[in-house]
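As structure tokens, the structure follows; a few thoughts come after it.
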Amino acid sequence: MILQDKFGRPITDLRISVTDRCNFRCVYCRSANPENCRPESEILSWDELVRLARVFFALGIRKIRITGGEPLVRPGVEEFIARLRALGFDDLSMTTNGHLLAERCDSLLRAGLRRVNVSLDSLDPVAFERITRTRSCASVIAGIDAVQQSGLAPAKVNAVLVRGINDGEVEAFAAFARDRGVIMRFIEFMPLDADRHWSRDLMVSAAEVHRRIAAQWKLVPIPHAPSETARKYRFADGAPGEIGLIAPVTQPFCGYCSRIRLTADGKLRTCLFSKDDRDLRGLLRGGVSDDDLAFYIRSVVHEKEEGHRINAPDFVPPSRTMVFIGG
Ligand code: SAM
Ligand code: SF4
């Protein structure tokens, strides 16, 4: 029987964080201060990840997104993708900051990657540096262009808008989607930043983004599966590209959530905002059988939270921040 939680939601998507390290320090994710990445011994090895993936496959998981931290900084991602393919996973995607993408695009595709999401928070190198604390704007755009020239096209490009830094770029991002033919997605800033600076005033709502783009170009909704996080739109004038609006704060989609997450140090999280996570690494290293692992995973998934409660008056952000969860 496939994985299901007690609310009857089928769980078919797994996000695997393969590292908690990153070559960027985005303000909405990491702190400017050095953070303590976990020692390598605490991070699941590729063999451990493949073993878990086999168990998840037997439990009906069919979609895997590889994330981090920054997945491309860990050597061996291509081999891992090829091993996932050999296990039978076909729907394999990755979320990356794009810094290393131009040079890795072909090898990722050859390994069996199907789709890629690239984070790009500004088209202006100065604002890009304010957000990511790097000067990689041009290399990320080169990465997106490489994807567009490859079998991974069209790229999904993710922007998190932070009021006062890059919220002036909504229309420029929409123009970027039209010029490049990419799927431009706006993700509402969530309270998962290491500095705990999140506030509603800093977040730009999906409704505002829609209003501003629609004032310039007529948008036509594209039907989407209820479990998809993004509301999708195409341009009525037939221009290439799409707009996706992801509104976890103002329009939560928890009722249709089909996702669970595995952190780089082997914890299973049933929600981005879970208060607790469940340790699979200890079980793996303790010599448990695949059947017992599957039994345990089934029981954890059964207890998946009904929703994230960001809007509840007593909401407390999780102790793990985004870079240590895997978005
Ligand atoms: N390093 C890769 C990247 O940036 O694409 C993958 C990991 S990153 C944690 C995954 C996604 O989470 C990115 O699209 C990033 O923009 C998003 N993200 C990180 N912190 C966030 C926050 N506080 N609110 C909303 N999205 C966030
Ligand atoms: Fe790194 Fe991605 Fe977090 Fe930015 S959002 S600091 S690129 S993990």
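Chain labels A, B, ... are given in the sequence in which chains occur in the structure tokens; within each chain residues are numbered consecutively from 1, and ligands are likewise numbered from 1 in the order shown.
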
task: From stretch 78-274 of chain A, collect each residue whose DSSP state is alpha helix (DSSP H) and return the set as a ChimeraX atom specification.
output: /A:78-87,101-111,125-132,137-148,170-180,206-216

Environment of ligand 1 within 6 Å, counting only C-alpha atoms and all ligand atoms, reported as number ranges by chain: A: 28-29, 67-70, 95-97, 118-119, 158, 160, 187-193, 322-323, 326-327

Output of the above residues as an mmCIF file, in the first residue's frame, restricted to N, CA, C and O atoms:
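As a result, again-v7.cif now contains:
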data_model
loop_
_atom_site.group_PDB
_atom_site.id
_atom_site.type_symbol
_atom_site.label_atom_id
_atom_site.label_comp_id
_atom_site.auth_asym_id
_atom_site.auth_seq_id
_atom_site.Cartn_x
_atom_site.Cartn_y
_atom_site.Cartn_z
ATOM 1 N N TYR A 28 17.471 35.445 3.295
ATOM 2 C CA TYR A 28 16.226 34.832 3.764
ATOM 3 C C TYR A 28 16.424 33.375 4.174
ATOM 4 O O TYR A 28 15.467 32.677 4.471
ATOM 5 N N CYS A 29 17.689 32.917 4.161
ATOM 6 C CA CYS A 29 17.954 31.502 4.437
ATOM 7 C C CYS A 29 19.056 31.333 5.474
ATOM 8 O O CYS A 29 18.827 30.856 6.575
ATOM 9 N N THR A 67 17.979 18.485 -3.217
ATOM 10 C CA THR A 67 18.140 19.861 -2.799
ATOM 11 C C THR A 67 19.231 19.933 -1.741
ATOM 12 O O THR A 67 20.035 19.024 -1.584
ATOM 13 N N GLY A 68 19.288 21.058 -1.016
ATOM 14 C CA GLY A 68 20.292 21.209 0.019
ATOM 15 C C GLY A 68 19.885 22.334 0.961
ATOM 16 O O GLY A 68 18.684 22.634 1.046
ATOM 17 N N GLY A 69 20.790 23.020 1.533
ATOM 18 C CA GLY A 69 22.095 23.444 1.077
ATOM 19 C C GLY A 69 22.166 23.550 -0.458
ATOM 20 O O GLY A 69 21.152 23.602 -1.115
ATOM 21 N N GLU A 70 23.349 23.589 -0.971
ATOM 22 C CA GLU A 70 23.477 23.648 -2.424
ATOM 23 C C GLU A 70 23.929 22.265 -2.923
ATOM 24 O O GLU A 70 25.061 21.857 -2.688
ATOM 25 N N THR A 95 16.787 21.349 -7.103
ATOM 26 C CA THR A 95 16.745 22.799 -6.861
ATOM 27 C C THR A 95 18.167 23.249 -6.577
ATOM 28 O O THR A 95 18.839 22.673 -5.707
ATOM 29 N N THR A 96 18.625 24.249 -7.315
ATOM 30 C CA THR A 96 20.007 24.699 -7.185
ATOM 31 C C THR A 96 20.070 26.215 -7.243
ATOM 32 O O THR A 96 19.198 26.853 -7.840
ATOM 33 N N ASN A 97 21.129 26.760 -6.649
ATOM 34 C CA ASN A 97 21.305 28.216 -6.770
ATOM 35 C C ASN A 97 21.922 28.596 -8.123
ATOM 36 O O ASN A 97 22.061 29.778 -8.426
ATOM 37 N N VAL A 118 15.984 26.775 -10.623
ATOM 38 C CA VAL A 118 17.160 27.597 -10.333
ATOM 39 C C VAL A 118 16.711 28.824 -9.553
ATOM 40 O O VAL A 118 15.776 29.521 -9.977
ATOM 41 N N SER A 119 17.363 29.092 -8.441
ATOM 42 C CA SER A 119 17.006 30.283 -7.675
ATOM 43 C C SER A 119 17.706 31.495 -8.279
ATOM 44 O O SER A 119 18.906 31.449 -8.541
ATOM 45 N N ASN A 158 13.214 30.352 -9.567
ATOM 46 C CA ASN A 158 12.548 30.712 -8.304
ATOM 47 C C ASN A 158 13.087 32.029 -7.760
ATOM 48 O O ASN A 158 14.302 32.174 -7.598
ATOM 49 N N VAL A 160 12.585 34.608 -4.373
ATOM 50 C CA VAL A 160 11.945 34.963 -3.101
ATOM 51 C C VAL A 160 12.061 36.481 -2.998
ATOM 52 O O VAL A 160 13.170 37.018 -3.047
ATOM 53 N N ILE A 187 8.134 32.914 -4.847
ATOM 54 C CA ILE A 187 7.841 32.168 -3.612
ATOM 55 C C ILE A 187 7.731 33.165 -2.469
ATOM 56 O O ILE A 187 8.640 33.990 -2.272
ATOM 57 N N GLU A 188 6.638 33.109 -1.732
ATOM 58 C CA GLU A 188 6.527 34.005 -0.569
ATOM 59 C C GLU A 188 7.597 33.649 0.465
ATOM 60 O O GLU A 188 7.854 32.469 0.754
ATOM 61 N N PHE A 189 8.200 34.699 0.985
ATOM 62 C CA PHE A 189 9.225 34.572 2.034
ATOM 63 C C PHE A 189 8.570 33.909 3.260
ATOM 64 O O PHE A 189 7.563 34.394 3.776
ATOM 65 N N MET A 190 9.175 32.824 3.736
ATOM 66 C CA MET A 190 8.617 32.092 4.889
ATOM 67 C C MET A 190 9.530 32.271 6.106
ATOM 68 O O MET A 190 10.738 32.519 5.947
ATOM 69 N N PRO A 191 8.981 32.109 7.295
ATOM 70 C CA PRO A 191 9.786 32.297 8.515
ATOM 71 C C PRO A 191 10.742 31.129 8.756
ATOM 72 O O PRO A 191 10.587 30.366 9.708
ATOM 73 N N LEU A 192 11.728 31.013 7.866
ATOM 74 C CA LEU A 192 12.700 29.917 7.970
ATOM 75 C C LEU A 192 14.131 30.441 7.850
ATOM 76 O O LEU A 192 15.054 29.690 7.564
ATOM 77 N N ASP A 193 14.299 31.762 8.028
ATOM 78 C CA ASP A 193 15.627 32.366 7.878
ATOM 79 C C ASP A 193 16.416 32.244 9.177
ATOM 80 O O ASP A 193 15.848 32.322 10.278
ATOM 81 N N MET A 322 16.012 26.923 6.849
ATOM 82 C CA MET A 322 15.864 26.328 5.521
ATOM 83 C C MET A 322 17.110 25.562 5.057
ATOM 84 O O MET A 322 16.996 24.474 4.510
ATOM 85 N N VAL A 323 18.272 26.139 5.273
ATOM 86 C CA VAL A 323 19.481 25.486 4.739
ATOM 87 C C VAL A 323 19.705 24.113 5.389
ATOM 88 O O VAL A 323 20.283 23.215 4.783
ATOM 89 N N GLY A 326 16.218 21.789 3.706
ATOM 90 C CA GLY A 326 16.199 21.421 2.287
ATOM 91 C C GLY A 326 14.860 21.842 1.719
ATOM 92 O O GLY A 326 13.835 21.244 2.028
ATOM 93 N N GLY A 327 14.873 22.916 0.927
ATOM 94 C CA GLY A 327 13.622 23.507 0.450
ATOM 95 C C GLY A 327 13.051 22.754 -0.725
ATOM 96 O O GLY A 327 13.632 21.844 -1.251
#

- request: Could you check how far atom CA of A:Leu262 sits from atom CA of A:Ile43, in Å to one decimal?
  value: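 Calculated distance between atom CA of A:Leu262 and atom CA of A:Ile43 is 11.3 Å.
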
Pick from A:Leu120, A:Arg74, A:Ile165, A:Ala175, whichever lies nearest to A:Gln216 using only C-alpha atoms: A:Ala175

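With atom CA of A:Leu123 on one side and atom CA of A:Trp198 on the other, the separation reads 22.6 Å.
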
- prompt: If you measure from atom CA of A:Val126 to atom CA of A:Glu35, what distance in Å do you get, rounded to one decimal?
  reply: 24.2 Å

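Between A:Tyr296 and the residues A:Leu3, A:Glu169, A:Glu79, A:Pro221, the shortest atom-to-atom distance, using only C-alpha atoms, involves A:Leu3.
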
message: Taking 3 positions as the minimum chain separation for residues in the same chain, which residues sit within 7 Å of A:Ser205 when counting only C-alpha atoms? Answer as a count of residues only.
response: 4

- request: Please provide the set of residues having any atom within 7 Å of A:Arg9, restricted to only C-alpha atoms, with same-chain residues fewer than 2 positions apart removed, written as JSON, numbers by chain.
  value: {"A": [4, 5, 7, 11, 256, 258]}

- line: Of A:Ser45, A:Ser17, A:Thr321, A:Asn33, the one sitting nearest A:Ile64 when using only C-alpha atoms is A:Ser17

task: Within 12 Å of A:Val249, counting only C-alpha atoms, which residues show up once you throw out same-chain ones fewer than 3 positions away? Write them as a PyMOL selection string, please.
output: chain A and resi 187-192+198-200+203-207+229+245-246+252-254+273+307-312

field: Spatial neighbours of A:Phe57, 9 Å, only C-alpha atoms, chain gap at least 5 places, as a VMD selection string
entry: chain A and resid 52 62 87 to 89

Would you write out those residues with N, CA, C and O atoms, as a compact mmCIF listing (two decimals), in the first residue's frame?
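again26.txt was written with the following content:
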# COMPACT_ATOMS: atom_id res chain seq x y z
N LEU A 52 18.03 4.15 1.47
CA LEU A 52 16.75 4.76 1.88
C LEU A 52 15.84 4.98 0.68
O LEU A 52 14.63 4.73 0.75
N ARG A 62 7.50 8.23 -5.90
CA ARG A 62 7.88 8.20 -7.31
C ARG A 62 8.61 9.47 -7.76
O ARG A 62 9.24 9.49 -8.81
N LEU A 87 17.21 2.58 -9.75
CA LEU A 87 16.23 2.02 -8.82
C LEU A 87 14.82 2.08 -9.39
O LEU A 87 13.91 1.44 -8.86
N GLY A 88 14.63 2.87 -10.45
CA GLY A 88 13.30 2.97 -11.06
C GLY A 88 12.67 4.34 -10.96
O GLY A 88 11.59 4.57 -11.49
N PHE A 89 13.35 5.29 -10.29
CA PHE A 89 12.79 6.65 -10.21
C PHE A 89 12.96 7.33 -11.56
O PHE A 89 14.05 7.33 -12.12

- request: Identify, with DSSP run on backbone atoms, the residues in stretch 18-136 of chain A assigned to strand (DSSP E or B), and express the list as a list in words.
  value: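 Answer for stretch 18-136 of chain A restricted to strand (DSSP E or B) is Lys63, Ile64, Arg65, Ile66, Thr67, Asp91, Leu92, Ser93, Met94, Thr95, Thr96, Arg115, Val116, Asn117, Val118 and Ser119 of chain A.
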
Those same residues - C-alpha atoms - I'd like them written as a PDB file, in the first residue's frame.
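Produced file selection.pdb, reproduced below:
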ATOM      1  CA  LYS A  63       9.063  11.811  -7.347  1.00  0.00           C
ATOM      2  CA  ILE A  64      12.385  12.901  -5.895  1.00  0.00           C
ATOM      3  CA  ARG A  65      13.710  16.442  -5.739  1.00  0.00           C
ATOM      4  CA  ILE A  66      17.380  16.782  -4.818  1.00  0.00           C
ATOM      5  CA  THR A  67      18.140  19.861  -2.799  1.00  0.00           C
ATOM      6  CA  ASP A  91      10.688  11.900 -11.986  1.00  0.00           C
ATOM      7  CA  LEU A  92      13.970  13.361 -10.762  1.00  0.00           C
ATOM      8  CA  SER A  93      14.469  17.061 -10.295  1.00  0.00           C
ATOM      9  CA  MET A  94      16.856  19.394  -8.507  1.00  0.00           C
ATOM     10  CA  THR A  95      16.745  22.799  -6.861  1.00  0.00           C
ATOM     11  CA  THR A  96      20.007  24.699  -7.185  1.00  0.00           C
ATOM     12  CA  ARG A 115      13.907  19.063 -14.465  1.00  0.00           C
ATOM     13  CA  VAL A 116      15.732  21.833 -12.687  1.00  0.00           C
ATOM     14  CA  ASN A 117      14.661  24.771 -10.515  1.00  0.00           C
ATOM     15  CA  VAL A 118      17.160  27.597 -10.333  1.00  0.00           C
ATOM     16  CA  SER A 119      17.006  30.283  -7.675  1.00  0.00           C
TER      17      SER A 119
END

message: I'd like to know which of A:Pro34, A:Pro71, A:Gly244, A:Gly8 is closest to ligand 2, using only C-alpha atoms and all ligand atoms.
response: A:Pro71

- request: Identify, on the basis of only C-alpha atoms, every residue whose closest approach to A:Ala53 does not exceed 10 Å; exclude the query and any residue fewer than 2 positions from it along the same chain; express the result as a PyMOL selection string.
  value: chain A and resi 14+16+47-51+55-59+61-62+64+83-84+87+89

For ligand 2, the nearest of the candidates A:Val288, A:Val18, A:Leu113, A:Val27, counting only C-alpha atoms and all ligand atoms: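 So, comparing all the options, the nearest one is A:Val27.
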